[in-house]
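Enquirer: Next comes data.cif, mmCIF, N, CA and C atoms and all ligand atoms:
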```
data_query
loop_
_atom_site.label_atom_id
_atom_site.label_comp_id
_atom_site.auth_asym_id
_atom_site.auth_seq_id
_atom_site.Cartn_x
_atom_site.Cartn_y
_atom_site.Cartn_z
N MET A 1 140.72 59.56 188.93
CA MET A 1 141.29 60.04 187.67
C MET A 1 142.69 59.43 187.50
N SER A 2 143.00 59.03 186.28
CA SER A 2 144.27 58.36 186.03
C SER A 2 145.37 59.38 185.71
N ILE A 3 146.59 58.89 185.74
CA ILE A 3 147.73 59.76 185.40
C ILE A 3 147.63 60.24 183.95
N LEU A 4 147.06 59.41 183.08
CA LEU A 4 146.88 59.81 181.68
C LEU A 4 145.86 60.94 181.57
N ASP A 5 144.77 60.82 182.32
CA ASP A 5 143.77 61.90 182.32
C ASP A 5 144.36 63.19 182.89
N ASP A 6 145.13 63.07 183.96
CA ASP A 6 145.77 64.26 184.55
C ASP A 6 146.70 64.93 183.53
N THR A 7 147.46 64.13 182.82
CA THR A 7 148.40 64.67 181.82
C THR A 7 147.64 65.38 180.70
N LYS A 8 146.54 64.76 180.28
CA LYS A 8 145.72 65.39 179.22
C LYS A 8 145.15 66.72 179.70
N ASN A 9 144.68 66.75 180.94
CA ASN A 9 144.11 67.98 181.49
C ASN A 9 145.15 69.10 181.57
N VAL A 10 146.37 68.75 182.00
CA VAL A 10 147.44 69.77 182.07
C VAL A 10 147.78 70.24 180.66
N ALA A 11 147.85 69.31 179.71
CA ALA A 11 148.14 69.70 178.32
C ALA A 11 147.07 70.65 177.80
N HIS A 12 145.83 70.36 178.15
CA HIS A 12 144.73 71.22 177.71
C HIS A 12 144.86 72.62 178.32
N LEU A 13 145.21 72.69 179.59
CA LEU A 13 145.39 73.99 180.25
C LEU A 13 146.53 74.78 179.62
N VAL A 14 147.63 74.06 179.29
CA VAL A 14 148.78 74.72 178.65
C VAL A 14 148.38 75.22 177.27
N GLN A 15 147.57 74.43 176.56
CA GLN A 15 147.11 74.86 175.24
C GLN A 15 146.27 76.14 175.36
N GLU A 16 145.39 76.17 176.36
CA GLU A 16 144.54 77.35 176.56
C GLU A 16 145.37 78.58 176.93
N ALA A 17 146.50 78.36 177.62
CA ALA A 17 147.37 79.47 178.01
C ALA A 17 148.12 80.04 176.81
N GLY A 18 148.17 79.27 175.70
CA GLY A 18 148.76 79.77 174.46
C GLY A 18 150.25 79.61 174.34
N ASP A 19 150.89 78.85 175.20
CA ASP A 19 152.34 78.61 175.10
C ASP A 19 152.57 77.39 174.20
N LYS A 20 152.89 77.67 172.93
CA LYS A 20 152.99 76.58 171.95
C LYS A 20 154.17 75.64 172.24
N ASP A 21 155.31 76.20 172.68
CA ASP A 21 156.46 75.34 172.99
C ASP A 21 156.14 74.39 174.14
N LEU A 22 155.57 74.96 175.19
CA LEU A 22 155.22 74.14 176.36
C LEU A 22 154.13 73.12 176.01
N TYR A 23 153.20 73.55 175.18
CA TYR A 23 152.13 72.64 174.76
C TYR A 23 152.72 71.47 173.96
N GLY A 24 153.69 71.74 173.09
CA GLY A 24 154.35 70.67 172.33
C GLY A 24 155.03 69.68 173.27
N LYS A 25 155.66 70.21 174.31
CA LYS A 25 156.30 69.32 175.28
C LYS A 25 155.26 68.50 176.05
N MET A 26 154.14 69.13 176.34
CA MET A 26 153.08 68.40 177.06
C MET A 26 152.49 67.29 176.20
N VAL A 27 152.37 67.55 174.89
CA VAL A 27 151.86 66.51 173.99
C VAL A 27 152.84 65.33 173.96
N ASP A 28 154.14 65.65 173.90
CA ASP A 28 155.16 64.58 173.94
C ASP A 28 155.07 63.80 175.26
N LEU A 29 154.91 64.55 176.36
CA LEU A 29 154.80 63.91 177.68
C LEU A 29 153.55 63.03 177.75
N GLU A 30 152.45 63.54 177.18
CA GLU A 30 151.22 62.77 177.18
C GLU A 30 151.42 61.44 176.45
N MET A 31 152.14 61.47 175.32
CA MET A 31 152.40 60.26 174.56
C MET A 31 153.29 59.30 175.36
N GLU A 32 154.29 59.84 176.03
CA GLU A 32 155.16 58.98 176.85
C GLU A 32 154.38 58.34 178.00
N VAL A 33 153.51 59.12 178.64
CA VAL A 33 152.70 58.57 179.73
C VAL A 33 151.78 57.47 179.19
N PHE A 34 151.19 57.71 178.01
CA PHE A 34 150.32 56.71 177.40
C PHE A 34 151.09 55.41 177.15
N GLU A 35 152.30 55.53 176.60
CA GLU A 35 153.12 54.33 176.33
C GLU A 35 153.50 53.62 177.63
N LEU A 36 153.81 54.39 178.67
CA LEU A 36 154.15 53.77 179.96
C LEU A 36 152.95 53.04 180.56
N VAL A 37 151.77 53.66 180.47
CA VAL A 37 150.57 53.01 180.99
C VAL A 37 150.31 51.70 180.24
N GLN A 38 150.49 51.72 178.91
CA GLN A 38 150.32 50.49 178.14
C GLN A 38 151.34 49.43 178.55
N GLU A 39 152.59 49.86 178.76
CA GLU A 39 153.65 48.92 179.17
C GLU A 39 153.34 48.32 180.54
N ILE A 40 152.84 49.14 181.46
CA ILE A 40 152.48 48.65 182.79
C ILE A 40 151.36 47.61 182.68
N GLU A 41 150.35 47.88 181.86
CA GLU A 41 149.24 46.92 181.69
C GLU A 41 149.75 45.61 181.10
N LYS A 42 150.68 45.70 180.13
CA LYS A 42 151.25 44.50 179.52
C LYS A 42 152.03 43.69 180.57
N ILE A 43 152.80 44.38 181.40
CA ILE A 43 153.59 43.70 182.43
C ILE A 43 152.67 43.07 183.48
N LYS A 44 151.59 43.76 183.85
CA LYS A 44 150.63 43.19 184.80
C LYS A 44 150.02 41.90 184.26
N LYS A 45 149.67 41.92 182.98
CA LYS A 45 149.07 40.74 182.35
C LYS A 45 150.07 39.59 182.32
N GLU A 46 151.31 39.89 181.95
CA GLU A 46 152.36 38.85 181.92
C GLU A 46 152.60 38.30 183.33
N ASN A 47 152.59 39.18 184.31
CA ASN A 47 152.79 38.76 185.70
C ASN A 47 151.68 37.82 186.15
N ALA A 48 150.44 38.16 185.81
CA ALA A 48 149.31 37.29 186.18
C ALA A 48 149.45 35.93 185.51
N GLU A 49 149.87 35.92 184.24
CA GLU A 49 150.05 34.65 183.53
C GLU A 49 151.16 33.82 184.17
N LEU A 50 152.23 34.47 184.59
CA LEU A 50 153.32 33.75 185.25
C LEU A 50 152.88 33.17 186.59
N HIS A 51 152.06 33.93 187.32
CA HIS A 51 151.52 33.41 188.58
C HIS A 51 150.67 32.17 188.33
N ASP A 52 149.83 32.24 187.28
CA ASP A 52 148.99 31.09 186.94
C ASP A 52 149.86 29.89 186.57
N GLN A 53 150.93 30.14 185.80
CA GLN A 53 151.82 29.04 185.40
C GLN A 53 152.52 28.43 186.61
N LEU A 54 152.90 29.29 187.57
CA LEU A 54 153.55 28.77 188.78
C LEU A 54 152.60 27.89 189.59
N LYS A 55 151.33 28.32 189.69
CA LYS A 55 150.35 27.52 190.42
C LYS A 55 150.20 26.15 189.78
N ILE A 56 150.13 26.13 188.46
CA ILE A 56 150.00 24.86 187.73
C ILE A 56 151.27 24.04 187.93
N LYS A 57 152.42 24.67 187.78
CA LYS A 57 153.69 23.94 187.88
C LYS A 57 153.84 23.27 189.25
N GLU A 58 153.38 23.94 190.31
CA GLU A 58 153.48 23.37 191.66
C GLU A 58 152.65 22.10 191.80
N LYS A 59 151.58 21.99 191.01
CA LYS A 59 150.70 20.82 191.11
C LYS A 59 151.13 19.68 190.18
N LEU A 60 152.02 19.96 189.24
CA LEU A 60 152.40 18.94 188.25
C LEU A 60 153.35 17.91 188.83
N LYS A 61 153.13 16.67 188.43
CA LYS A 61 154.03 15.59 188.80
C LYS A 61 154.43 14.90 187.50
N PHE A 62 155.73 14.68 187.34
CA PHE A 62 156.21 14.04 186.12
C PHE A 62 156.35 12.55 186.35
N GLU A 63 155.56 11.78 185.64
CA GLU A 63 155.60 10.31 185.70
C GLU A 63 155.27 9.77 184.32
N PHE A 64 155.81 8.65 183.98
CA PHE A 64 155.52 7.97 182.72
C PHE A 64 155.80 8.87 181.52
N ASN A 65 156.82 9.68 181.59
CA ASN A 65 157.18 10.61 180.51
C ASN A 65 156.06 11.58 180.18
N SER A 66 155.24 11.89 181.19
CA SER A 66 154.18 12.87 180.99
C SER A 66 153.88 13.54 182.33
N TYR A 67 153.06 14.57 182.28
CA TYR A 67 152.69 15.29 183.50
C TYR A 67 151.30 14.88 183.97
N TRP A 68 151.13 14.92 185.28
CA TRP A 68 149.86 14.60 185.94
C TRP A 68 149.60 15.69 186.96
N ILE A 69 148.33 15.99 187.19
CA ILE A 69 147.96 17.00 188.19
C ILE A 69 147.25 16.31 189.33
N GLU A 70 147.75 16.54 190.54
CA GLU A 70 147.13 15.96 191.72
C GLU A 70 145.89 16.76 192.09
N LYS A 71 144.80 16.04 192.30
CA LYS A 71 143.54 16.69 192.63
C LYS A 71 142.78 15.77 193.57
N ASN A 72 142.56 16.21 194.79
CA ASN A 72 141.81 15.44 195.78
C ASN A 72 142.40 14.04 195.98
N GLY A 73 143.71 13.93 196.04
CA GLY A 73 144.35 12.66 196.29
C GLY A 73 144.45 11.74 195.08
N ARG A 74 143.95 12.16 193.95
CA ARG A 74 144.03 11.39 192.72
C ARG A 74 144.83 12.21 191.71
N PHE A 75 145.17 11.57 190.61
CA PHE A 75 145.94 12.26 189.58
C PHE A 75 145.18 12.28 188.27
N GLU A 76 145.12 13.48 187.66
CA GLU A 76 144.50 13.63 186.35
C GLU A 76 145.60 13.71 185.31
N GLY A 77 145.32 13.17 184.15
CA GLY A 77 146.29 13.24 183.08
C GLY A 77 146.18 12.03 182.19
N PRO A 78 147.18 11.80 181.42
CA PRO A 78 148.44 12.53 181.34
C PRO A 78 148.36 13.78 180.47
N PHE A 79 149.28 14.71 180.74
CA PHE A 79 149.44 15.90 179.91
C PHE A 79 150.82 15.83 179.25
N CYS A 80 150.90 16.32 178.05
CA CYS A 80 152.11 16.18 177.24
C CYS A 80 153.27 17.00 177.84
N SER A 81 154.38 16.31 178.12
CA SER A 81 155.54 16.99 178.70
C SER A 81 156.23 17.89 177.67
N LYS A 82 156.24 17.46 176.42
CA LYS A 82 156.89 18.28 175.38
C LYS A 82 156.14 19.61 175.21
N CYS A 83 154.82 19.54 175.09
CA CYS A 83 154.05 20.78 174.90
C CYS A 83 154.19 21.70 176.11
N TYR A 84 154.21 21.11 177.31
CA TYR A 84 154.32 21.96 178.50
C TYR A 84 155.72 22.53 178.65
N ASP A 85 156.74 21.70 178.47
CA ASP A 85 158.11 22.16 178.67
C ASP A 85 158.55 23.16 177.60
N VAL A 86 158.09 22.97 176.38
CA VAL A 86 158.54 23.84 175.28
C VAL A 86 157.62 25.04 175.10
N ASN A 87 156.29 24.78 175.10
CA ASN A 87 155.34 25.86 174.77
C ASN A 87 154.53 26.36 175.96
N HIS A 88 154.74 25.73 177.14
CA HIS A 88 154.04 26.13 178.37
C HIS A 88 152.52 26.03 178.24
N ILE A 89 152.07 25.00 177.53
CA ILE A 89 150.63 24.75 177.46
C ILE A 89 150.37 23.32 177.94
N LEU A 90 149.25 23.16 178.64
CA LEU A 90 148.86 21.83 179.09
C LEU A 90 147.96 21.22 178.03
N VAL A 91 148.40 20.13 177.45
CA VAL A 91 147.62 19.44 176.43
C VAL A 91 147.32 18.03 176.95
N ARG A 92 146.03 17.73 177.15
CA ARG A 92 145.65 16.40 177.63
C ARG A 92 145.91 15.39 176.52
N MET A 93 146.61 14.33 176.88
CA MET A 93 146.93 13.30 175.90
C MET A 93 145.73 12.35 175.75
N HIS A 94 145.59 11.78 174.56
CA HIS A 94 144.46 10.90 174.26
C HIS A 94 144.89 9.44 174.33
N LEU A 95 144.02 8.64 174.93
CA LEU A 95 144.26 7.21 174.98
C LEU A 95 144.14 6.64 173.57
N ILE A 96 145.21 5.98 173.10
CA ILE A 96 145.18 5.42 171.75
C ILE A 96 145.21 3.90 171.76
N ASP A 97 145.62 3.30 172.89
CA ASP A 97 145.65 1.85 172.98
C ASP A 97 145.46 1.45 174.45
N ARG A 98 144.27 0.93 174.75
CA ARG A 98 143.97 0.59 176.14
C ARG A 98 144.83 -0.57 176.63
N ALA A 99 145.14 -1.53 175.75
CA ALA A 99 145.92 -2.71 176.16
C ALA A 99 147.30 -2.32 176.69
N THR A 100 147.95 -1.38 176.02
CA THR A 100 149.29 -0.96 176.46
C THR A 100 149.23 0.34 177.26
N GLU A 101 148.00 0.87 177.42
CA GLU A 101 147.81 2.16 178.08
C GLU A 101 148.72 3.21 177.48
N SER A 102 148.63 3.32 176.18
CA SER A 102 149.43 4.30 175.44
C SER A 102 148.60 5.54 175.15
N PHE A 103 149.24 6.68 175.29
CA PHE A 103 148.59 7.96 175.07
C PHE A 103 149.35 8.74 174.00
N LYS A 104 148.61 9.55 173.25
CA LYS A 104 149.22 10.36 172.20
C LYS A 104 148.76 11.80 172.36
N CYS A 105 149.70 12.72 172.19
CA CYS A 105 149.38 14.15 172.26
C CYS A 105 148.72 14.58 170.95
N PRO A 106 147.51 15.17 171.02
CA PRO A 106 146.85 15.63 169.80
C PRO A 106 147.53 16.84 169.18
N ASN A 107 148.42 17.48 169.93
CA ASN A 107 149.11 18.68 169.42
C ASN A 107 150.41 18.34 168.72
N CYS A 108 151.24 17.48 169.34
CA CYS A 108 152.58 17.23 168.78
C CYS A 108 152.84 15.76 168.48
N ALA A 109 151.87 14.90 168.76
CA ALA A 109 151.96 13.47 168.45
C ALA A 109 152.94 12.69 169.32
N THR A 110 153.39 13.28 170.42
CA THR A 110 154.23 12.53 171.37
C THR A 110 153.40 11.38 171.96
N ILE A 111 154.05 10.23 172.13
CA ILE A 111 153.36 9.07 172.68
C ILE A 111 154.03 8.68 174.00
N CYS A 112 153.21 8.31 174.99
CA CYS A 112 153.75 7.78 176.24
C CYS A 112 152.93 6.55 176.64
N ARG A 113 153.60 5.65 177.36
CA ARG A 113 152.93 4.44 177.84
C ARG A 113 152.90 4.46 179.35
N ARG A 114 151.77 4.04 179.91
CA ARG A 114 151.63 4.06 181.35
C ARG A 114 151.69 2.67 181.96
N LYS A 115 151.35 1.67 181.20
CA LYS A 115 151.15 0.33 181.77
C LYS A 115 152.38 -0.19 182.52
N ASP A 116 153.57 0.06 181.99
CA ASP A 116 154.78 -0.45 182.63
C ASP A 116 154.95 0.07 184.05
N PHE A 117 154.37 1.22 184.32
CA PHE A 117 154.57 1.87 185.61
C PHE A 117 153.37 1.72 186.53
N TYR A 118 152.25 1.27 185.99
CA TYR A 118 150.98 1.32 186.71
C TYR A 118 151.04 0.56 188.03
N GLN A 119 151.70 -0.60 188.05
CA GLN A 119 151.75 -1.40 189.28
C GLN A 119 152.50 -0.67 190.39
N LYS A 120 153.44 0.18 189.99
CA LYS A 120 154.22 0.90 191.00
C LYS A 120 153.40 2.00 191.67
N VAL A 121 152.59 2.69 190.89
CA VAL A 121 151.83 3.84 191.41
C VAL A 121 150.36 3.70 191.01
N PRO A 122 149.58 2.94 191.77
CA PRO A 122 148.20 2.68 191.37
C PRO A 122 147.23 3.84 191.61
N LEU A 123 147.73 4.98 192.04
CA LEU A 123 146.85 6.13 192.29
C LEU A 123 146.34 6.77 191.01
N TYR A 124 147.00 6.49 189.91
CA TYR A 124 146.68 7.21 188.69
C TYR A 124 145.43 6.67 188.03
N ASP A 125 144.57 7.58 187.61
CA ASP A 125 143.35 7.23 186.87
C ASP A 125 143.54 7.50 185.40
N LEU A 126 142.84 6.76 184.59
CA LEU A 126 142.85 7.04 183.15
C LEU A 126 141.86 8.14 182.87
ZN ZN B 201 152.40 17.58 172.84
#
```
Translate the structure described by the file into structure tokens.

Expert:
Amino acid sequence: MSILDDTKNVAHLVQEAGDKDLYGKMVDLEMEVFELVQEIEKIKKENAELHDQLKIKEKLKFEFNSYWIEKNGRFEGPFCSKCYDVNHILVRMHLIDRATESFKCPNCATICRRKDFYQKVPLYDL
């Protein structure tokens, strides 16, 4: 049984006892407990999201003005640095020119080029 259920049960008992002042206070308390339970659930959800973001952030590598995720010794990407840094979302960039290895973010239109750096770090896959 939850704290909200317990509070409701006590309020019901007070109502049956006929003490209107105490019952009014119990109704107020019940509402406060309800709001606190909602706030706790909201904080738990935000906490889980922050944990997920931290896990992702630990795997991100910034190269070629974009983010890459290391997976099994290889790198996936690129992901838009602007979208991640500003809005905390990972947006896979689209290849728009194979010759220059240029990528464009479908969300914010940021463009990055990989070719200039490719010889330095050949681990990256398109
Ligand atoms: Zn973007």

Enquirer: At a cut-off of 7 Å and counting only N, CA and C atoms and all ligand atoms, what residues surround ligand ZN 201 (chain B)? Please answer as a list in words.

Expert: Phe79, Cys80, Ser81, Lys82, Cys83, Tyr84, Val91, Lys104, Cys105, Pro106, Asn107, Cys108, Ala109 and Thr110 of chain A

Enquirer: Using N, CA and C atoms, can you write the selected residues to a file as an mmCIF file, keeping the file's coordinate frame?

Expert:
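As a result, out-v5.cif now contains:
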```
data_model
loop_
_atom_site.group_PDB
_atom_site.id
_atom_site.type_symbol
_atom_site.label_atom_id
_atom_site.label_comp_id
_atom_site.auth_asym_id
_atom_site.auth_seq_id
_atom_site.Cartn_x
_atom_site.Cartn_y
_atom_site.Cartn_z
ATOM 1 N N PHE A 79 149.280 14.710 180.740
ATOM 2 C CA PHE A 79 149.440 15.900 179.910
ATOM 3 C C PHE A 79 150.820 15.830 179.250
ATOM 4 N N CYS A 80 150.900 16.320 178.050
ATOM 5 C CA CYS A 80 152.110 16.180 177.240
ATOM 6 C C CYS A 80 153.270 17.000 177.840
ATOM 7 N N SER A 81 154.380 16.310 178.120
ATOM 8 C CA SER A 81 155.540 16.990 178.700
ATOM 9 C C SER A 81 156.230 17.890 177.670
ATOM 10 N N LYS A 82 156.240 17.460 176.420
ATOM 11 C CA LYS A 82 156.890 18.280 175.380
ATOM 12 C C LYS A 82 156.140 19.610 175.210
ATOM 13 N N CYS A 83 154.820 19.540 175.090
ATOM 14 C CA CYS A 83 154.050 20.780 174.900
ATOM 15 C C CYS A 83 154.190 21.700 176.110
ATOM 16 N N TYR A 84 154.210 21.110 177.310
ATOM 17 C CA TYR A 84 154.320 21.960 178.500
ATOM 18 C C TYR A 84 155.720 22.530 178.650
ATOM 19 N N VAL A 91 148.400 20.130 177.450
ATOM 20 C CA VAL A 91 147.620 19.440 176.430
ATOM 21 C C VAL A 91 147.320 18.030 176.950
ATOM 22 N N LYS A 104 148.610 9.550 173.250
ATOM 23 C CA LYS A 104 149.220 10.360 172.200
ATOM 24 C C LYS A 104 148.760 11.800 172.360
ATOM 25 N N CYS A 105 149.700 12.720 172.190
ATOM 26 C CA CYS A 105 149.380 14.150 172.260
ATOM 27 C C CYS A 105 148.720 14.580 170.950
ATOM 28 N N PRO A 106 147.510 15.170 171.020
ATOM 29 C CA PRO A 106 146.850 15.630 169.800
ATOM 30 C C PRO A 106 147.530 16.840 169.180
ATOM 31 N N ASN A 107 148.420 17.480 169.930
ATOM 32 C CA ASN A 107 149.110 18.680 169.420
ATOM 33 C C ASN A 107 150.410 18.340 168.720
ATOM 34 N N CYS A 108 151.240 17.480 169.340
ATOM 35 C CA CYS A 108 152.580 17.230 168.780
ATOM 36 C C CYS A 108 152.840 15.760 168.480
ATOM 37 N N ALA A 109 151.870 14.900 168.760
ATOM 38 C CA ALA A 109 151.960 13.470 168.450
ATOM 39 C C ALA A 109 152.940 12.690 169.320
ATOM 40 N N THR A 110 153.390 13.280 170.420
ATOM 41 C CA THR A 110 154.230 12.530 171.370
ATOM 42 C C THR A 110 153.400 11.380 171.960
#
```

Enquirer: Quick one: 5 Å padding each side, axis-aligned, all listed atoms of stretch 87-94 of chain A - centre and edge lengths in Å to one decimal, as lines of an AutoDock Vina configuration file?

Expert:
```
center_x = 150.4
center_y = 17.9
center_z = 176.7
size_x = 21.8
size_y = 26.9
size_z = 14.8
```

Enquirer: What is the distance, in Å and to one decimal place, between atom CA of A:Trp68 and atom C of A:Asn87?

Expert: 16.1 Å

Enquirer: List every residue of stretch 51-120 of chain A that DSSP, applied to the backbone of this structure, assigns to strand (DSSP E), and report them as JSON, numbers by chain.

Expert: {"A": [60, 61, 62, 63, 66, 67, 68, 69, 70, 71, 74, 75, 76, 77, 78, 79, 80, 94, 95, 96, 97, 102, 103, 104, 111, 112, 113]}

Enquirer: Between A:Asn9, A:Gln38, A:Arg114, A:Ile89, which has the minimum distance to A:Glu101 (counting all atoms listed in the file)?

Expert: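 Under the stated criterion, the closest residue is A:Arg114.
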